[in-house]
Amino acid sequence: MILKDQNKALTLLNHFGSIANLSRASVQEISAFLSRDKAAQLVSSLHLAAVALREERTRLFIDTPLAVAELCAEMRFLTHESLRVILLNTKQELIKVVSVSQGTLNEALAHPLEVFKPVIAFSAYTFIMVHNHPSGDPSPSGADLRLTRRILEASRILQLQLIDHVIIGTPAPGRSSYFSFKEGGVIS
């Protein structure tokens, strides 16, 4: 519908393999098949759809790592690491998802101040950190473990409740599409 040309749409799907892969493509990559304006329109539409889906889920009860993974599923399509905090009220209902930092291809750099600022500003009762691994493998790195422990220690001092840190990956045979530090025993 966006392209108004079924042949071009099929060509893009055949080249990228799926809508999920297409949504990860840049304007430059899509410009090989469409005009730059049409490519920008398609990329914007796909990103807007992801945001609309997330906003539709605003009064969700977030009580499992799977719920976190579903809420932030679009993160698996990002080409760089992104760190977000999910803010929850006393009933573990979603208040807001806030983007905290944009990292590099393999690291989401974040200072504790950036993590705690939205937690305090929105008076969240609890919060969950979530970031993605563009490689698709949600296994935690040493840096992920250090960040989690640092934020957990600081949250205890500030009397804020970090209830989990979830890494979003891509589903694959034999592995989960996410990793939960709570399920892994790092956060109790």
# chains A, B, ... in the order shown; residues from 1 in each chain; ligands from 1

call {"tool": "select_by_dssp", "arguments": {"residues": "segment 123-156 of chain A", "states": "strand (DSSP E)", "output": "mmCIF file with N, CA, C and O atoms, in the first residue's frame"}}
result
data_model
loop_
_atom_site.group_PDB
_atom_site.id
_atom_site.type_symbol
_atom_site.label_atom_id
_atom_site.label_comp_id
_atom_site.auth_asym_id
_atom_site.auth_seq_id
_atom_site.Cartn_x
_atom_site.Cartn_y
_atom_site.Cartn_z
ATOM 1 N N THR A 126 8.908 0.756 40.059
ATOM 2 C CA THR A 126 9.961 -0.173 39.670
ATOM 3 C C THR A 126 10.359 0.137 38.232
ATOM 4 O O THR A 126 9.658 0.852 37.510
ATOM 5 N N PHE A 127 11.495 -0.429 37.815
ATOM 6 C CA PHE A 127 11.917 -0.247 36.428
ATOM 7 C C PHE A 127 12.674 -1.470 35.947
ATOM 8 O O PHE A 127 13.179 -2.269 36.738
ATOM 9 N N ILE A 128 12.691 -1.608 34.633
ATOM 10 C CA ILE A 128 13.388 -2.696 33.966
ATOM 11 C C ILE A 128 14.283 -2.067 32.908
ATOM 12 O O ILE A 128 13.839 -1.200 32.147
ATOM 13 N N MET A 129 15.533 -2.494 32.858
ATOM 14 C CA MET A 129 16.407 -2.063 31.764
ATOM 15 C C MET A 129 16.251 -3.070 30.633
ATOM 16 O O MET A 129 16.076 -4.266 30.870
ATOM 17 N N VAL A 130 16.327 -2.586 29.426
ATOM 18 C CA VAL A 130 16.260 -3.469 28.261
ATOM 19 C C VAL A 130 17.169 -2.902 27.179
ATOM 20 O O VAL A 130 17.213 -1.697 26.967
ATOM 21 N N HIS A 131 17.958 -3.773 26.590
ATOM 22 C CA HIS A 131 18.744 -3.354 25.437
ATOM 23 C C HIS A 131 18.811 -4.503 24.436
ATOM 24 O O HIS A 131 18.391 -5.616 24.731
ATOM 25 N N ASN A 132 19.282 -4.209 23.265
ATOM 26 C CA ASN A 132 19.318 -5.189 22.187
ATOM 27 C C ASN A 132 20.742 -5.551 21.812
ATOM 28 O O ASN A 132 21.676 -4.810 22.103
#

call {"tool": "closest_residue", "arguments": {"among": "A:Ala110, A:Val43, A:Ala25, A:Ile167", "to": "Ser135 of chain A", "atoms": "only C-alpha atoms"}}
result
A:Ile167

call {"tool": "residues_around", "arguments": {"residues": "Val51 of chain A", "least_positions_apart": "5", "cutoff": "10 Å", "atoms": "only C-alpha atoms", "output": "ChimeraX atom specification"}}
result
/A:45-46,56,72,74

call {"tool": "select_by_dssp", "arguments": {"residues": "segment 11-169 of chain A", "states": "alpha helix (DSSP H)", "output": "ChimeraX atom specification"}}
result
/A:11-16,19-24,27-30,36-56,65-71,112-121,142-158

call {"tool": "atom_distance", "arguments": {"atom1": "atom CA of Leu78 of chain A", "atom2": "atom CA of Ser44 of chain A"}}
result
13.7 Å

call {"tool": "closest_residue", "arguments": {"among": "A:Pro65, A:Gly103, A:Gly17, A:Pro171", "to": "Glu183 of chain A", "atoms": "only C-alpha atoms"}}
result
A:Pro65

call {"tool": "atom_distance", "arguments": {"atom1": "atom CA of Ala39 of chain A", "atom2": "atom CA of Thr79 of chain A"}}
result
17.4 Å

call {"tool": "residues_around", "arguments": {"residues": "Ala124 of chain A", "least_positions_apart": "4", "cutoff": "7 Å", "atoms": "only C-alpha atoms", "output": "PyMOL selection string"}}
result
chain A and resi 87-89+119-120

call {"tool": "write_last_selection", "arguments": {"atoms": "all heavy atoms", "output": "PDB file, in the first residue's frame"}}
result
ATOM      1  N   LEU A  87       9.346   1.820  32.652  1.00  0.00           N
ATOM      2  CA  LEU A  87       8.903   2.364  33.933  1.00  0.00           C
ATOM      3  C   LEU A  87       7.551   1.758  34.292  1.00  0.00           C
ATOM      4  O   LEU A  87       6.634   1.751  33.471  1.00  0.00           O
ATOM      5  CB  LEU A  87       8.802   3.880  33.836  1.00  0.00           C
ATOM      6  CG  LEU A  87      10.056   4.593  33.303  1.00  0.00           C
ATOM      7  CD1 LEU A  87       9.787   6.071  33.109  1.00  0.00           C
ATOM      8  CD2 LEU A  87      11.241   4.366  34.204  1.00  0.00           C
ATOM      9  N   LEU A  88       7.434   1.281  35.532  1.00  0.00           N
ATOM     10  CA  LEU A  88       6.217   0.607  35.978  1.00  0.00           C
ATOM     11  C   LEU A  88       5.667   1.251  37.241  1.00  0.00           C
ATOM     12  O   LEU A  88       6.420   1.779  38.061  1.00  0.00           O
ATOM     13  CB  LEU A  88       6.511  -0.878  36.260  1.00  0.00           C
ATOM     14  CG  LEU A  88       7.142  -1.679  35.121  1.00  0.00           C
ATOM     15  CD1 LEU A  88       7.561  -3.060  35.606  1.00  0.00           C
ATOM     16  CD2 LEU A  88       6.192  -1.781  33.950  1.00  0.00           C
ATOM     17  N   ASN A  89       4.336   1.148  37.409  1.00  0.00           N
ATOM     18  CA  ASN A  89       3.713   1.645  38.635  1.00  0.00           C
ATOM     19  C   ASN A  89       3.683   0.528  39.687  1.00  0.00           C
ATOM     20  O   ASN A  89       4.266  -0.541  39.483  1.00  0.00           O
ATOM     21  CB  ASN A  89       2.320   2.216  38.345  1.00  0.00           C
ATOM     22  CG  ASN A  89       1.318   1.169  37.862  1.00  0.00           C
ATOM     23  OD1 ASN A  89       1.485  -0.038  38.059  1.00  0.00           O
ATOM     24  ND2 ASN A  89       0.259   1.633  37.225  1.00  0.00           N
ATOM     25  N   VAL A 119      13.389   7.341  35.693  1.00  0.00           N
ATOM     26  CA  VAL A 119      12.754   6.605  36.795  1.00  0.00           C
ATOM     27  C   VAL A 119      12.248   7.592  37.846  1.00  0.00           C
ATOM     28  O   VAL A 119      11.104   7.509  38.306  1.00  0.00           O
ATOM     29  CB  VAL A 119      13.734   5.590  37.434  1.00  0.00           C
ATOM     30  CG1 VAL A 119      13.095   4.886  38.620  1.00  0.00           C
ATOM     31  CG2 VAL A 119      14.223   4.568  36.405  1.00  0.00           C
ATOM     32  N   ILE A 120      13.076   8.554  38.165  1.00  0.00           N
ATOM     33  CA  ILE A 120      12.716   9.569  39.158  1.00  0.00           C
ATOM     34  C   ILE A 120      11.710  10.564  38.579  1.00  0.00           C
ATOM     35  O   ILE A 120      10.709  10.896  39.211  1.00  0.00           O
ATOM     36  CB  ILE A 120      13.988  10.284  39.665  1.00  0.00           C
ATOM     37  CG1 ILE A 120      14.860   9.280  40.453  1.00  0.00           C
ATOM     38  CG2 ILE A 120      13.639  11.493  40.530  1.00  0.00           C
ATOM     39  CD1 ILE A 120      16.275   9.741  40.720  1.00  0.00           C
TER      40      ILE A 120
END

call {"tool": "closest_residue", "arguments": {"among": "A:Ile187, A:Lys8, A:Glu93, A:Leu145", "to": "Leu34 of chain A", "atoms": "only C-alpha atoms"}}
result
A:Lys8

call {"tool": "residues_around", "arguments": {"residues": "Ser123 of chain A", "least_positions_apart": "6", "cutoff": "12 Å", "atoms": "only C-alpha atoms", "output": "list in words"}}
result
Leu87, Leu88, Asn89, Thr90, Ile95, Lys96, Phe116, Lys117, Leu160 and Gln161 of chain A

call {"tool": "closest_residue", "arguments": {"among": "A:Ala143, A:Leu94, A:Leu22, A:Val85", "to": "Leu162 of chain A", "atoms": "only C-alpha atoms"}}
result
A:Val85

call {"tool": "closest_residue", "arguments": {"among": "A:Val186, A:Val166, A:Ser180, A:Pro112", "to": "Arg149 of chain A", "atoms": "only C-alpha atoms"}}
result
A:Val186

call {"tool": "residues_around", "arguments": {"residues": "Ser139 of chain A", "least_positions_apart": "6", "cutoff": "9 Å", "atoms": "only C-alpha atoms", "output": "PyMOL selection string"}}
result
chain A and resi 133+167+169+178-179

call {"tool": "write_last_selection", "arguments": {"atoms": "all heavy atoms", "output": "short mmCIF file (atom, residue, chain, number, x, y, z; two decimals), in the first residue's frame"}}
result
data_model
loop_
_atom_site.label_atom_id
_atom_site.label_comp_id
_atom_site.auth_asym_id
_atom_site.auth_seq_id
_atom_site.Cartn_x
_atom_site.Cartn_y
_atom_site.Cartn_z
N HIS A 133 20.89 -6.70 21.19
CA HIS A 133 22.15 -7.10 20.58
C HIS A 133 21.90 -7.23 19.08
O HIS A 133 21.21 -8.16 18.65
CB HIS A 133 22.63 -8.44 21.15
CG HIS A 133 23.31 -8.33 22.47
ND1 HIS A 133 23.75 -9.42 23.18
CD2 HIS A 133 23.64 -7.25 23.23
CE1 HIS A 133 24.33 -9.03 24.30
NE2 HIS A 133 24.26 -7.71 24.36
N ILE A 167 17.90 -8.57 27.65
CA ILE A 167 18.60 -8.34 26.39
C ILE A 167 17.76 -8.95 25.28
O ILE A 167 17.38 -10.12 25.34
CB ILE A 167 20.01 -8.97 26.39
CG1 ILE A 167 20.86 -8.40 27.53
CG2 ILE A 167 20.69 -8.74 25.04
CD1 ILE A 167 22.19 -9.09 27.72
N GLY A 169 17.29 -10.26 21.55
CA GLY A 169 18.02 -10.82 20.41
C GLY A 169 17.02 -11.23 19.34
O GLY A 169 15.88 -10.79 19.33
N TYR A 178 15.54 -13.74 23.92
CA TYR A 178 15.92 -12.76 24.94
C TYR A 178 16.71 -13.44 26.04
O TYR A 178 16.72 -14.66 26.17
CB TYR A 178 14.67 -12.09 25.54
CG TYR A 178 13.79 -13.02 26.34
CD1 TYR A 178 14.04 -13.24 27.70
CD2 TYR A 178 12.74 -13.70 25.75
CE1 TYR A 178 13.26 -14.11 28.44
CE2 TYR A 178 11.95 -14.57 26.47
CZ TYR A 178 12.21 -14.78 27.82
OH TYR A 178 11.45 -15.65 28.55
N PHE A 179 17.39 -12.61 26.84
CA PHE A 179 18.07 -13.09 28.04
C PHE A 179 17.62 -12.20 29.20
O PHE A 179 17.61 -10.98 29.08
CB PHE A 179 19.60 -13.00 27.91
CG PHE A 179 20.31 -13.40 29.19
CD1 PHE A 179 20.57 -14.72 29.47
CD2 PHE A 179 20.67 -12.43 30.12
CE1 PHE A 179 21.19 -15.10 30.65
CE2 PHE A 179 21.30 -12.79 31.32
CZ PHE A 179 21.56 -14.12 31.57
#

call {"tool": "residues_around", "arguments": {"residues": "Ala20 of chain A", "least_positions_apart": "3", "cutoff": "8 Å", "atoms": "only C-alpha atoms", "output": "list in words"}}
result
Ser23, Arg24 and Phe77 of chain A

call {"tool": "write_last_selection", "arguments": {"atoms": "all heavy atoms", "output": "PDB file, in the first residue's frame"}}
result
ATOM      1  N   SER A  23      12.541  -3.856   7.461  1.00  0.00           N
ATOM      2  CA  SER A  23      12.415  -2.780   8.452  1.00  0.00           C
ATOM      3  C   SER A  23      13.771  -2.381   9.033  1.00  0.00           C
ATOM      4  O   SER A  23      13.913  -1.311   9.598  1.00  0.00           O
ATOM      5  CB  SER A  23      11.451  -3.173   9.567  1.00  0.00           C
ATOM      6  OG  SER A  23      12.010  -4.176  10.366  1.00  0.00           O
ATOM      7  N   ARG A  24      14.781  -3.233   8.897  1.00  0.00           N
ATOM      8  CA  ARG A  24      16.136  -2.915   9.364  1.00  0.00           C
ATOM      9  C   ARG A  24      16.952  -2.177   8.317  1.00  0.00           C
ATOM     10  O   ARG A  24      18.013  -1.636   8.624  1.00  0.00           O
ATOM     11  CB  ARG A  24      16.885  -4.197   9.722  1.00  0.00           C
ATOM     12  CG  ARG A  24      16.512  -4.759  11.048  1.00  0.00           C
ATOM     13  CD  ARG A  24      17.358  -5.953  11.354  1.00  0.00           C
ATOM     14  NE  ARG A  24      16.450  -7.074  11.438  1.00  0.00           N
ATOM     15  CZ  ARG A  24      16.776  -8.327  11.446  1.00  0.00           C
ATOM     16  NH1 ARG A  24      18.012  -8.681  11.357  1.00  0.00           N
ATOM     17  NH2 ARG A  24      15.877  -9.261  11.541  1.00  0.00           N
ATOM     18  N   PHE A  77      15.357  -5.261  15.474  1.00  0.00           N
ATOM     19  CA  PHE A  77      15.610  -4.805  14.113  1.00  0.00           C
ATOM     20  C   PHE A  77      16.603  -3.641  14.055  1.00  0.00           C
ATOM     21  O   PHE A  77      16.970  -3.203  12.972  1.00  0.00           O
ATOM     22  CB  PHE A  77      14.295  -4.385  13.443  1.00  0.00           C
ATOM     23  CG  PHE A  77      13.270  -5.478  13.431  1.00  0.00           C
ATOM     24  CD1 PHE A  77      12.049  -5.290  14.047  1.00  0.00           C
ATOM     25  CD2 PHE A  77      13.533  -6.693  12.845  1.00  0.00           C
ATOM     26  CE1 PHE A  77      11.097  -6.300  14.044  1.00  0.00           C
ATOM     27  CE2 PHE A  77      12.598  -7.706  12.841  1.00  0.00           C
ATOM     28  CZ  PHE A  77      11.373  -7.517  13.445  1.00  0.00           C
TER      29      PHE A  77
END

call {"tool": "atom_distance", "arguments": {"atom1": "atom CA of Ile62 of chain A", "atom2": "atom CA of His165 of chain A"}}
result
12.8 Å

call {"tool": "closest_residue", "arguments": {"among": "A:Gln92, A:His47, A:Leu152, A:Leu3", "to": "Ser35 of chain A", "atoms": "only C-alpha atoms"}}
result
A:Leu3

call {"tool": "decode", "arguments": {"residues": "segment 129-145 of chain A", "atoms": "all heavy atoms", "output": "PDB file, in the first residue's frame"}}
result
ATOM      1  N   MET A 129      15.533  -2.494  32.858  1.00  0.00           N
ATOM      2  CA  MET A 129      16.407  -2.063  31.764  1.00  0.00           C
ATOM      3  C   MET A 129      16.251  -3.070  30.633  1.00  0.00           C
ATOM      4  O   MET A 129      16.076  -4.266  30.870  1.00  0.00           O
ATOM      5  CB  MET A 129      17.871  -2.031  32.207  1.00  0.00           C
ATOM      6  CG  MET A 129      18.184  -0.945  33.202  1.00  0.00           C
ATOM      7  SD  MET A 129      19.961  -0.666  33.461  1.00  0.00           S
ATOM      8  CE  MET A 129      20.632  -2.285  33.650  1.00  0.00           C
ATOM      9  N   VAL A 130      16.327  -2.586  29.426  1.00  0.00           N
ATOM     10  CA  VAL A 130      16.260  -3.469  28.261  1.00  0.00           C
ATOM     11  C   VAL A 130      17.169  -2.902  27.179  1.00  0.00           C
ATOM     12  O   VAL A 130      17.213  -1.697  26.967  1.00  0.00           O
ATOM     13  CB  VAL A 130      14.805  -3.649  27.754  1.00  0.00           C
ATOM     14  CG1 VAL A 130      14.180  -2.344  27.363  1.00  0.00           C
ATOM     15  CG2 VAL A 130      14.721  -4.646  26.614  1.00  0.00           C
ATOM     16  N   HIS A 131      17.958  -3.773  26.590  1.00  0.00           N
ATOM     17  CA  HIS A 131      18.744  -3.354  25.437  1.00  0.00           C
ATOM     18  C   HIS A 131      18.811  -4.503  24.436  1.00  0.00           C
ATOM     19  O   HIS A 131      18.391  -5.616  24.731  1.00  0.00           O
ATOM     20  CB  HIS A 131      20.133  -2.826  25.837  1.00  0.00           C
ATOM     21  CG  HIS A 131      21.183  -3.856  26.096  1.00  0.00           C
ATOM     22  ND1 HIS A 131      21.314  -4.510  27.307  1.00  0.00           N
ATOM     23  CD2 HIS A 131      22.156  -4.350  25.285  1.00  0.00           C
ATOM     24  CE1 HIS A 131      22.335  -5.352  27.234  1.00  0.00           C
ATOM     25  NE2 HIS A 131      22.859  -5.281  26.019  1.00  0.00           N
ATOM     26  N   ASN A 132      19.282  -4.209  23.265  1.00  0.00           N
ATOM     27  CA  ASN A 132      19.318  -5.189  22.187  1.00  0.00           C
ATOM     28  C   ASN A 132      20.742  -5.551  21.812  1.00  0.00           C
ATOM     29  O   ASN A 132      21.676  -4.810  22.103  1.00  0.00           O
ATOM     30  CB  ASN A 132      18.590  -4.638  20.958  1.00  0.00           C
ATOM     31  CG  ASN A 132      19.319  -3.436  20.390  1.00  0.00           C
ATOM     32  OD1 ASN A 132      19.579  -2.461  21.109  1.00  0.00           O
ATOM     33  ND2 ASN A 132      19.646  -3.468  19.117  1.00  0.00           N
ATOM     34  N   HIS A 133      20.886  -6.700  21.193  1.00  0.00           N
ATOM     35  CA  HIS A 133      22.150  -7.104  20.581  1.00  0.00           C
ATOM     36  C   HIS A 133      21.904  -7.234  19.081  1.00  0.00           C
ATOM     37  O   HIS A 133      21.209  -8.162  18.648  1.00  0.00           O
ATOM     38  CB  HIS A 133      22.635  -8.439  21.151  1.00  0.00           C
ATOM     39  CG  HIS A 133      23.313  -8.326  22.467  1.00  0.00           C
ATOM     40  ND1 HIS A 133      23.754  -9.421  23.176  1.00  0.00           N
ATOM     41  CD2 HIS A 133      23.644  -7.250  23.229  1.00  0.00           C
ATOM     42  CE1 HIS A 133      24.327  -9.032  24.303  1.00  0.00           C
ATOM     43  NE2 HIS A 133      24.257  -7.709  24.355  1.00  0.00           N
ATOM     44  N   PRO A 134      22.434  -6.317  18.278  1.00  0.00           N
ATOM     45  CA  PRO A 134      22.225  -6.376  16.834  1.00  0.00           C
ATOM     46  C   PRO A 134      22.695  -7.685  16.199  1.00  0.00           C
ATOM     47  O   PRO A 134      22.198  -8.080  15.151  1.00  0.00           O
ATOM     48  CB  PRO A 134      23.037  -5.190  16.294  1.00  0.00           C
ATOM     49  CG  PRO A 134      23.099  -4.238  17.446  1.00  0.00           C
ATOM     50  CD  PRO A 134      23.172  -5.112  18.673  1.00  0.00           C
ATOM     51  N   SER A 135      23.613  -8.378  16.850  1.00  0.00           N
ATOM     52  CA  SER A 135      24.087  -9.665  16.322  1.00  0.00           C
ATOM     53  C   SER A 135      22.984 -10.712  16.337  1.00  0.00           C
ATOM     54  O   SER A 135      23.067 -11.720  15.644  1.00  0.00           O
ATOM     55  CB  SER A 135      25.262 -10.170  17.157  1.00  0.00           C
ATOM     56  OG  SER A 135      24.814 -10.551  18.459  1.00  0.00           O
ATOM     57  N   GLY A 136      21.960 -10.474  17.175  1.00  0.00           N
ATOM     58  CA  GLY A 136      20.879 -11.438  17.313  1.00  0.00           C
ATOM     59  C   GLY A 136      21.046 -12.366  18.498  1.00  0.00           C
ATOM     60  O   GLY A 136      20.087 -12.937  18.994  1.00  0.00           O
ATOM     61  N   ASP A 137      22.283 -12.539  18.974  1.00  0.00           N
ATOM     62  CA  ASP A 137      22.552 -13.415  20.111  1.00  0.00           C
ATOM     63  C   ASP A 137      22.335 -12.636  21.409  1.00  0.00           C
ATOM     64  O   ASP A 137      23.074 -11.693  21.700  1.00  0.00           O
ATOM     65  CB  ASP A 137      23.991 -13.933  20.050  1.00  0.00           C
ATOM     66  CG  ASP A 137      24.329 -14.890  21.169  1.00  0.00           C
ATOM     67  OD1 ASP A 137      23.468 -15.161  22.045  1.00  0.00           O
ATOM     68  OD2 ASP A 137      25.470 -15.386  21.191  1.00  0.00           O
ATOM     69  N   PRO A 138      21.338 -13.021  22.217  1.00  0.00           N
ATOM     70  CA  PRO A 138      21.044 -12.249  23.431  1.00  0.00           C
ATOM     71  C   PRO A 138      21.954 -12.577  24.625  1.00  0.00           C
ATOM     72  O   PRO A 138      21.758 -12.030  25.703  1.00  0.00           O
ATOM     73  CB  PRO A 138      19.590 -12.636  23.732  1.00  0.00           C
ATOM     74  CG  PRO A 138      19.471 -14.029  23.227  1.00  0.00           C
ATOM     75  CD  PRO A 138      20.353 -14.090  21.999  1.00  0.00           C
ATOM     76  N   SER A 139      22.944 -13.425  24.440  1.00  0.00           N
ATOM     77  CA  SER A 139      23.843 -13.769  25.555  1.00  0.00           C
ATOM     78  C   SER A 139      24.527 -12.517  26.089  1.00  0.00           C
ATOM     79  O   SER A 139      25.029 -11.701  25.315  1.00  0.00           O
ATOM     80  CB  SER A 139      24.906 -14.768  25.091  1.00  0.00           C
ATOM     81  OG  SER A 139      24.309 -15.922  24.565  1.00  0.00           O
ATOM     82  N   PRO A 140      24.573 -12.373  27.429  1.00  0.00           N
ATOM     83  CA  PRO A 140      25.174 -11.162  28.002  1.00  0.00           C
ATOM     84  C   PRO A 140      26.690 -11.139  27.860  1.00  0.00           C
ATOM     85  O   PRO A 140      27.347 -12.171  27.971  1.00  0.00           O
ATOM     86  CB  PRO A 140      24.756 -11.237  29.475  1.00  0.00           C
ATOM     87  CG  PRO A 140      24.548 -12.689  29.735  1.00  0.00           C
ATOM     88  CD  PRO A 140      24.049 -13.278  28.455  1.00  0.00           C
ATOM     89  N   SER A 141      27.215  -9.959  27.627  1.00  0.00           N
ATOM     90  CA  SER A 141      28.664  -9.761  27.583  1.00  0.00           C
ATOM     91  C   SER A 141      29.148  -9.394  28.988  1.00  0.00           C
ATOM     92  O   SER A 141      28.345  -9.130  29.885  1.00  0.00           O
ATOM     93  CB  SER A 141      29.011  -8.631  26.609  1.00  0.00           C
ATOM     94  OG  SER A 141      28.530  -7.387  27.121  1.00  0.00           O
ATOM     95  N   GLY A 142      30.435  -9.344  29.151  1.00  0.00           N
ATOM     96  CA  GLY A 142      31.007  -8.895  30.423  1.00  0.00           C
ATOM     97  C   GLY A 142      30.588  -7.474  30.741  1.00  0.00           C
ATOM     98  O   GLY A 142      30.286  -7.136  31.889  1.00  0.00           O
ATOM     99  N   ALA A 143      30.533  -6.616  29.717  1.00  0.00           N
ATOM    100  CA  ALA A 143      30.111  -5.221  29.913  1.00  0.00           C
ATOM    101  C   ALA A 143      28.642  -5.159  30.344  1.00  0.00           C
ATOM    102  O   ALA A 143      28.276  -4.342  31.199  1.00  0.00           O
ATOM    103  CB  ALA A 143      30.315  -4.422  28.629  1.00  0.00           C
ATOM    104  N   ASP A 144      27.806  -6.040  29.783  1.00  0.00           N
ATOM    105  CA  ASP A 144      26.393  -6.087  30.178  1.00  0.00           C
ATOM    106  C   ASP A 144      26.267  -6.462  31.651  1.00  0.00           C
ATOM    107  O   ASP A 144      25.469  -5.876  32.388  1.00  0.00           O
ATOM    108  CB  ASP A 144      25.620  -7.106  29.339  1.00  0.00           C
ATOM    109  CG  ASP A 144      25.541  -6.752  27.869  1.00  0.00           C
ATOM    110  OD1 ASP A 144      25.637  -5.553  27.539  1.00  0.00           O
ATOM    111  OD2 ASP A 144      25.383  -7.684  27.053  1.00  0.00           O
ATOM    112  N   LEU A 145      27.037  -7.436  32.075  1.00  0.00           N
ATOM    113  CA  LEU A 145      27.011  -7.893  33.459  1.00  0.00           C
ATOM    114  C   LEU A 145      27.493  -6.787  34.407  1.00  0.00           C
ATOM    115  O   LEU A 145      26.874  -6.532  35.446  1.00  0.00           O
ATOM    116  CB  LEU A 145      27.871  -9.154  33.617  1.00  0.00           C
ATOM    117  CG  LEU A 145      27.796  -9.865  34.939  1.00  0.00           C
ATOM    118  CD1 LEU A 145      26.372 -10.290  35.282  1.00  0.00           C
ATOM    119  CD2 LEU A 145      28.705 -11.094  34.924  1.00  0.00           C
TER     120      LEU A 145
END
